[in-house]
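For reference, the structure is listed below as structure tokens.
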Amino acid sequence: MWPKALIQLRTYSVASARTGPLIFRQLFENRSYTYTYLLADETTRDAILIDPVCEMVDRDASIIKDLELSLKYAMNTHVHADHVTGTGLLKKLFPACKSVLAKASRGMADVLLCPGDQVNFGDFRLEVRATPGHTNSCLTYILHKHKMAFSGDAILVRGCGRTDFQQGDAGQLYDSVHEQILSLPEDYLLYPGHDYTGQTVTTVGEERKHNPRLKKSREDFIETMKNLYLPHPTQIDKALPLNMVCGLQELLNGEK
């Protein structure tokens with residue numbers, strides 16, 4: 001079972017003289033059904049991880065070492081409620097690695113992102129878009145060069161993230177997804193934060209046509225989300241406070 005006047009653009013980058021093709025791995029954690037994404041420049045070996053899970057840090061570190069990569073950023077799409085992030089543990093294993101989170105989350109991270117920022121690794125650049133609604137600080141990362149978007153829980157394959165906790169707002173989610181994700185060209189690949197049915201990827205075009213929730217009117221979508229009556233994630237009480245501090249208990253306890 002598998003089960004988005006003048007504004008200065010901030011760019012987080014790793015300078016390099018050489019560039020190369022993309023290395024990409026989609027990794028899975030089967031307790032919370034979470035996808036973690038490894039992306040790297042094949043020539044410079046600069047790498048990033050999106051949404052790492054603490055229990056899978058050894059796996060992720062092994063792949064990074066096997067591929068002889070240099071992990072520059074461990075990034076979260078939002079403050080997760082269903083698993084503990086692996087960013088803090090990865091920083092211990094890879095001292096040059098920086099943790100990344102939305103500034104709007106008010107969480108702890110080395111890099112706090114705002115909409116319009118960019119994260120660079122080697123020759124590759126991720127655009128940062130704010131897509132709140134599931135939580136008040138969700139981000140979607142877009143790799144335009146390869147027509148890929150990493151949407152966290154904002155949009156899933158034929159679904160979307162819930163909106164009944166963590167300052168969730170169904171109307172805001174509907175607007176975010178339609179304005180920041182489904183506004184992309186229809187051939188862009190969407191990589192979700194989770195999947196519970198064995199699917200790994202979808203496209204903007206598919207979700208415009210076939211997503212049963214997001215095809216609804218805004219009013220009907222809000223009503224649908226209001227009546228899901230889902231149980232809270234089993235790890236929520238543990239995960240939420242830890243994920244505000246890179247998943248590290250010692251930081252939560254105020255230790256140095």
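If you're wondering about the labels, chains in the structure tokens are A, B, ... by order shown, residues count from 1 in each chain, ligands from 1 in order shown.
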
Close residues, A:Leu190 itself excluded, 8 Å, only C-alpha atoms, min 5 positions apart in chain, as a ChimeraX atom specification: /A:148-151,201-204

Export, as a compact mmCIF listing (two decimals), in the first residue's frame, the selected residues with N, CA, C and O atoms.
```txt
# COMPACT_ATOMS: atom_id res chain seq x y z
N MET A 148 8.71 21.36 -13.28
CA MET A 148 8.37 20.57 -12.10
C MET A 148 7.97 21.52 -10.97
O MET A 148 8.57 22.56 -10.78
N ALA A 149 6.95 21.13 -10.20
CA ALA A 149 6.53 21.89 -9.02
C ALA A 149 6.36 20.94 -7.86
O ALA A 149 5.78 19.85 -8.01
N PHE A 150 6.83 21.33 -6.70
CA PHE A 150 6.75 20.54 -5.48
C PHE A 150 5.79 21.25 -4.54
O PHE A 150 6.12 22.28 -3.95
N SER A 151 4.59 20.70 -4.44
CA SER A 151 3.45 21.44 -3.87
C SER A 151 3.16 21.13 -2.42
O SER A 151 2.21 21.67 -1.86
N VAL A 201 2.98 11.17 -9.20
CA VAL A 201 3.09 12.47 -9.86
C VAL A 201 1.83 12.71 -10.67
O VAL A 201 1.12 11.77 -11.07
N THR A 202 1.52 13.97 -10.91
CA THR A 202 0.40 14.35 -11.76
C THR A 202 0.83 15.56 -12.58
O THR A 202 2.02 15.92 -12.57
N THR A 203 -0.08 16.15 -13.34
CA THR A 203 0.23 17.36 -14.10
C THR A 203 -0.80 18.44 -13.81
O THR A 203 -1.90 18.16 -13.32
N VAL A 204 -0.42 19.67 -14.14
CA VAL A 204 -1.37 20.78 -14.00
C VAL A 204 -2.62 20.51 -14.82
O VAL A 204 -3.76 20.69 -14.35
```

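For A:Ala40, the residues within 10 Å (counting only C-alpha atoms, excluding itself and residues fewer than 5 positions away along the chain) are Gly20, Pro21, Leu22, Ile23, Phe24, Arg25, Arg45, Asp46, Ala47, Ile48, Leu49, Ile64, Leu67, Leu69, Ser70, Leu71, Lys72, Phe121, Gly122, Asp123 and Phe124 of chain A.
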
Output C-alpha atoms for every residue in that selection, as a PDB file, in the first residue's frame.
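And here is the file that came out, part02.pdb:
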```
ATOM      1  CA  GLY A  20      25.105  19.955 -15.593  1.00  0.00           C
ATOM      2  CA  PRO A  21      21.971  17.827 -15.858  1.00  0.00           C
ATOM      3  CA  LEU A  22      19.520  17.277 -13.014  1.00  0.00           C
ATOM      4  CA  ILE A  23      19.729  14.332 -10.637  1.00  0.00           C
ATOM      5  CA  PHE A  24      16.277  13.570  -9.251  1.00  0.00           C
ATOM      6  CA  ARG A  25      14.980  11.029  -6.755  1.00  0.00           C
ATOM      7  CA  ARG A  45      27.040  17.865  -7.130  1.00  0.00           C
ATOM      8  CA  ASP A  46      25.150  20.584  -5.196  1.00  0.00           C
ATOM      9  CA  ALA A  47      21.953  19.090  -3.806  1.00  0.00           C
ATOM     10  CA  ILE A  48      18.753  19.892  -1.929  1.00  0.00           C
ATOM     11  CA  LEU A  49      16.205  17.773  -0.092  1.00  0.00           C
ATOM     12  CA  ILE A  64      23.618  11.539  -0.802  1.00  0.00           C
ATOM     13  CA  LEU A  67      25.982   9.774  -5.256  1.00  0.00           C
ATOM     14  CA  LEU A  69      26.574  14.949  -3.488  1.00  0.00           C
ATOM     15  CA  SER A  70      27.008  18.089  -1.389  1.00  0.00           C
ATOM     16  CA  LEU A  71      23.781  18.776   0.513  1.00  0.00           C
ATOM     17  CA  LYS A  72      23.249  22.539   0.601  1.00  0.00           C
ATOM     18  CA  PHE A 121      21.759  24.721  -6.381  1.00  0.00           C
ATOM     19  CA  GLY A 122      24.369  24.488  -9.093  1.00  0.00           C
ATOM     20  CA  ASP A 123      22.755  25.599 -12.339  1.00  0.00           C
ATOM     21  CA  PHE A 124      19.223  25.044 -11.056  1.00  0.00           C
TER      22      PHE A 124
END
```

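Ranking A:Val84, A:Arg218, A:Ala74, A:Lys65 by their shortest atom-to-atom distance to A:Leu112, with only C-alpha atoms included, puts A:Ala74 first.
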
Who sits within 9 Å of A:Asp153, only C-alpha atoms, same chain under 2 positions skipped, as a PyMOL selection string: chain A and resi 77-78+134-135+138+151+155-156+160-162+192-194

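The shortest atom-to-atom distance to A:Thr43, with only C-alpha atoms taken into account, belongs to A:Glu68 out of A:Tyr229, A:Asp169, A:Glu68, A:Ser176.
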
All residues 12 Å or closer to A:Asp237, only C-alpha atoms, same chain fewer than 3 positions away omitted, as a list in words: His80, Ala81, Asp82, His83, Val84, Gln166, His232, Pro233, Thr234, Leu240, Pro241, Leu242 and Asn243 of chain A

Output of the above residues as a PDB file, in the first residue's frame, restricted to N, CA, C and O atoms:
```
ATOM      1  N   HIS A  80       4.927  20.563   9.244  1.00  0.00           N
ATOM      2  CA  HIS A  80       4.137  19.353   9.102  1.00  0.00           C
ATOM      3  C   HIS A  80       3.490  18.936  10.424  1.00  0.00           C
ATOM      4  O   HIS A  80       4.043  19.155  11.501  1.00  0.00           O
ATOM      5  N   ALA A  81       2.328  18.295  10.316  1.00  0.00           N
ATOM      6  CA  ALA A  81       1.632  17.784  11.490  1.00  0.00           C
ATOM      7  C   ALA A  81       1.657  16.266  11.572  1.00  0.00           C
ATOM      8  O   ALA A  81       1.314  15.712  12.609  1.00  0.00           O
ATOM      9  N   ASP A  82       2.041  15.594  10.499  1.00  0.00           N
ATOM     10  CA  ASP A  82       1.929  14.137  10.474  1.00  0.00           C
ATOM     11  C   ASP A  82       3.261  13.414  10.558  1.00  0.00           C
ATOM     12  O   ASP A  82       3.311  12.193  10.591  1.00  0.00           O
ATOM     13  N   HIS A  83       4.366  14.141  10.564  1.00  0.00           N
ATOM     14  CA  HIS A  83       5.675  13.527  10.772  1.00  0.00           C
ATOM     15  C   HIS A  83       6.634  14.582  11.290  1.00  0.00           C
ATOM     16  O   HIS A  83       6.383  15.785  11.171  1.00  0.00           O
ATOM     17  N   VAL A  84       7.747  14.145  11.855  1.00  0.00           N
ATOM     18  CA  VAL A  84       8.791  15.055  12.323  1.00  0.00           C
ATOM     19  C   VAL A  84       9.817  15.234  11.217  1.00  0.00           C
ATOM     20  O   VAL A  84      10.295  14.260  10.621  1.00  0.00           O
ATOM     21  N   GLN A 166      -4.070  24.136  12.205  1.00  0.00           N
ATOM     22  CA  GLN A 166      -2.872  24.898  11.818  1.00  0.00           C
ATOM     23  C   GLN A 166      -3.220  26.143  11.011  1.00  0.00           C
ATOM     24  O   GLN A 166      -2.586  26.435   9.998  1.00  0.00           O
ATOM     25  N   HIS A 232      -7.522  13.665  13.504  1.00  0.00           N
ATOM     26  CA  HIS A 232      -6.249  14.377  13.502  1.00  0.00           C
ATOM     27  C   HIS A 232      -5.104  13.400  13.282  1.00  0.00           C
ATOM     28  O   HIS A 232      -5.198  12.226  13.664  1.00  0.00           O
ATOM     29  N   PRO A 233      -4.008  13.843  12.667  1.00  0.00           N
ATOM     30  CA  PRO A 233      -2.848  12.967  12.483  1.00  0.00           C
ATOM     31  C   PRO A 233      -2.361  12.414  13.815  1.00  0.00           C
ATOM     32  O   PRO A 233      -2.362  13.123  14.835  1.00  0.00           O
ATOM     33  N   THR A 234      -1.947  11.178  13.812  1.00  0.00           N
ATOM     34  CA  THR A 234      -1.573  10.532  15.066  1.00  0.00           C
ATOM     35  C   THR A 234      -0.338  11.167  15.706  1.00  0.00           C
ATOM     36  O   THR A 234      -0.176  11.110  16.930  1.00  0.00           O
ATOM     37  N   LEU A 240       4.160  18.921  15.631  1.00  0.00           N
ATOM     38  CA  LEU A 240       4.037  20.373  15.457  1.00  0.00           C
ATOM     39  C   LEU A 240       5.075  21.168  16.240  1.00  0.00           C
ATOM     40  O   LEU A 240       5.763  22.019  15.658  1.00  0.00           O
ATOM     41  N   PRO A 241       5.240  20.945  17.542  1.00  0.00           N
ATOM     42  CA  PRO A 241       6.268  21.729  18.249  1.00  0.00           C
ATOM     43  C   PRO A 241       7.686  21.429  17.767  1.00  0.00           C
ATOM     44  O   PRO A 241       8.508  22.339  17.635  1.00  0.00           O
ATOM     45  N   LEU A 242       7.975  20.156  17.480  1.00  0.00           N
ATOM     46  CA  LEU A 242       9.310  19.816  17.008  1.00  0.00           C
ATOM     47  C   LEU A 242       9.613  20.433  15.647  1.00  0.00           C
ATOM     48  O   LEU A 242      10.742  20.867  15.383  1.00  0.00           O
ATOM     49  N   ASN A 243       8.611  20.489  14.793  1.00  0.00           N
ATOM     50  CA  ASN A 243       8.850  21.006  13.448  1.00  0.00           C
ATOM     51  C   ASN A 243       9.015  22.525  13.403  1.00  0.00           C
ATOM     52  O   ASN A 243       9.410  23.078  12.374  1.00  0.00           O
TER      53      ASN A 243
END
```

For A:Ser217, the nearest of the candidates A:Gly116, A:Pro95, A:Gly171, A:Gly133, counting only C-alpha atoms: A:Gly171

DSSP helix (DSSP H, G or I) selection over stretch 38-179 of chain A, as an NGL selection string: :A and (54-66 or 87-93 or 103-105 or 144-146 or 170-179)

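If you look at atom CA of A:Ile50 and atom CA of A:Leu93, they are 16.3 Å away from each other.
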
DSSP strand (DSSP E) residues within stretch 40-177 of chain A, listed as a PyMOL selection string: chain A and resi 40-41+46-50+70-75+98-102+111-113+118-121+124-130+139-143+148-152+155-156+159-160

Produce a file of the selected residues containing C-alpha atoms, as a CSV table (one decimal), in the first residue's frame.
```
chain,number,residue,atom,x,y,z
A,40,ALA,CA,21.1,17.8,-7.5
A,41,ASP,CA,23.2,19.3,-10.2
A,46,ASP,CA,25.2,20.6,-5.2
A,47,ALA,CA,22.0,19.1,-3.8
A,48,ILE,CA,18.8,19.9,-1.9
A,49,LEU,CA,16.2,17.8,-0.1
A,50,ILE,CA,12.5,18.7,0.1
A,70,SER,CA,27.0,18.1,-1.4
A,71,LEU,CA,23.8,18.8,0.5
A,72,LYS,CA,23.2,22.5,0.6
A,73,TYR,CA,19.6,22.9,1.7
A,74,ALA,CA,17.1,20.7,3.6
A,75,MET,CA,13.8,22.4,2.9
A,98,LYS,CA,21.2,24.9,5.8
A,99,SER,CA,17.6,24.3,6.9
A,100,VAL,CA,14.8,26.2,5.0
A,101,LEU,CA,11.3,27.1,6.0
A,102,ALA,CA,8.7,29.8,5.3
A,111,VAL,CA,16.9,30.4,5.8
A,112,LEU,CA,13.4,31.9,6.1
A,113,LEU,CA,11.8,32.2,2.7
A,118,GLN,CA,14.8,31.8,-5.2
A,119,VAL,CA,16.8,28.8,-4.0
A,120,ASN,CA,19.7,27.9,-6.3
A,121,PHE,CA,21.8,24.7,-6.4
A,124,PHE,CA,19.2,25.0,-11.1
A,125,ARG,CA,16.8,27.6,-9.6
A,126,LEU,CA,13.7,27.0,-7.6
A,127,GLU,CA,11.0,29.7,-7.5
A,128,VAL,CA,9.3,30.1,-4.2
A,129,ARG,CA,5.5,30.7,-4.2
A,130,ALA,CA,3.3,31.1,-1.2
A,139,LEU,CA,5.2,27.1,0.1
A,140,THR,CA,5.4,25.5,-3.4
A,141,TYR,CA,8.8,25.2,-5.0
A,142,ILE,CA,8.9,25.4,-8.8
A,143,LEU,CA,11.8,24.2,-11.1
A,148,MET,CA,8.4,20.6,-12.1
A,149,ALA,CA,6.5,21.9,-9.0
A,150,PHE,CA,6.8,20.5,-5.5
A,151,SER,CA,3.5,21.4,-3.9
A,152,GLY,CA,3.6,19.9,-0.4
A,155,ILE,CA,-2.5,20.0,-4.0
A,156,LEU,CA,-2.3,16.2,-4.1
A,159,GLY,CA,-7.0,15.9,-3.9
A,160,CYS,CA,-5.7,18.6,-1.6
```

Selection near A:Met56, 10 Å with only C-alpha atoms, sequence-local residues under 2 positions removed, as a PDB file with N, CA, C and O atoms, in the first residue's frame:
```pdb
ATOM      1  N   LEU A  27      11.489   9.868  -3.039  1.00  0.00           N
ATOM      2  CA  LEU A  27      11.636   8.898  -1.958  1.00  0.00           C
ATOM      3  C   LEU A  27      10.364   8.860  -1.117  1.00  0.00           C
ATOM      4  O   LEU A  27       9.651   9.859  -1.008  1.00  0.00           O
ATOM      5  N   PHE A  28      10.107   7.696  -0.489  1.00  0.00           N
ATOM      6  CA  PHE A  28       8.819   7.492   0.172  1.00  0.00           C
ATOM      7  C   PHE A  28       8.991   7.003   1.606  1.00  0.00           C
ATOM      8  O   PHE A  28       9.878   6.195   1.888  1.00  0.00           O
ATOM      9  N   GLU A  29       8.155   7.495   2.500  1.00  0.00           N
ATOM     10  CA  GLU A  29       8.120   7.051   3.897  1.00  0.00           C
ATOM     11  C   GLU A  29       6.733   6.501   4.169  1.00  0.00           C
ATOM     12  O   GLU A  29       5.735   7.193   3.954  1.00  0.00           O
ATOM     13  N   THR A  36       9.693  12.526  -0.047  1.00  0.00           N
ATOM     14  CA  THR A  36      10.864  13.386   0.068  1.00  0.00           C
ATOM     15  C   THR A  36      11.518  13.450  -1.297  1.00  0.00           C
ATOM     16  O   THR A  36      11.584  12.440  -2.004  1.00  0.00           O
ATOM     17  N   PRO A  52      12.242  16.239   4.110  1.00  0.00           N
ATOM     18  CA  PRO A  52      12.810  15.015   4.695  1.00  0.00           C
ATOM     19  C   PRO A  52      12.079  14.613   5.972  1.00  0.00           C
ATOM     20  O   PRO A  52      11.551  15.470   6.691  1.00  0.00           O
ATOM     21  N   VAL A  53      12.053  13.321   6.252  1.00  0.00           N
ATOM     22  CA  VAL A  53      11.388  12.756   7.430  1.00  0.00           C
ATOM     23  C   VAL A  53      12.449  12.219   8.374  1.00  0.00           C
ATOM     24  O   VAL A  53      13.389  11.546   7.935  1.00  0.00           O
ATOM     25  N   CYS A  54      12.307  12.482   9.693  1.00  0.00           N
ATOM     26  CA  CYS A  54      13.382  12.148  10.626  1.00  0.00           C
ATOM     27  C   CYS A  54      13.737  10.664  10.602  1.00  0.00           C
ATOM     28  O   CYS A  54      14.919  10.311  10.638  1.00  0.00           O
ATOM     29  N   ASP A  58      18.757   8.370   7.740  1.00  0.00           N
ATOM     30  CA  ASP A  58      19.851   7.473   7.388  1.00  0.00           C
ATOM     31  C   ASP A  58      19.780   7.064   5.922  1.00  0.00           C
ATOM     32  O   ASP A  58      20.798   6.999   5.232  1.00  0.00           O
ATOM     33  N   ARG A  59      18.579   6.759   5.451  1.00  0.00           N
ATOM     34  CA  ARG A  59      18.396   6.420   4.030  1.00  0.00           C
ATOM     35  C   ARG A  59      18.824   7.580   3.142  1.00  0.00           C
ATOM     36  O   ARG A  59      19.582   7.403   2.163  1.00  0.00           O
ATOM     37  N   ASP A  60      18.336   8.784   3.468  1.00  0.00           N
ATOM     38  CA  ASP A  60      18.636   9.961   2.652  1.00  0.00           C
ATOM     39  C   ASP A  60      20.130  10.253   2.642  1.00  0.00           C
ATOM     40  O   ASP A  60      20.721  10.541   1.588  1.00  0.00           O
ATOM     41  N   ALA A  61      20.755  10.160   3.828  1.00  0.00           N
ATOM     42  CA  ALA A  61      22.190  10.427   3.928  1.00  0.00           C
ATOM     43  C   ALA A  61      22.994   9.415   3.119  1.00  0.00           C
ATOM     44  O   ALA A  61      23.996   9.773   2.479  1.00  0.00           O
ATOM     45  N   THR A  85      10.158  16.475  10.930  1.00  0.00           N
ATOM     46  CA  THR A  85      11.114  16.774   9.871  1.00  0.00           C
ATOM     47  C   THR A  85      12.502  16.242  10.202  1.00  0.00           C
ATOM     48  O   THR A  85      12.905  16.155  11.367  1.00  0.00           O
ATOM     49  N   GLY A  86      13.240  15.909   9.161  1.00  0.00           N
ATOM     50  CA  GLY A  86      14.609  15.453   9.332  1.00  0.00           C
ATOM     51  C   GLY A  86      15.659  16.535   9.133  1.00  0.00           C
ATOM     52  O   GLY A  86      16.855  16.244   9.130  1.00  0.00           O
TER      53      GLY A  86
END
```
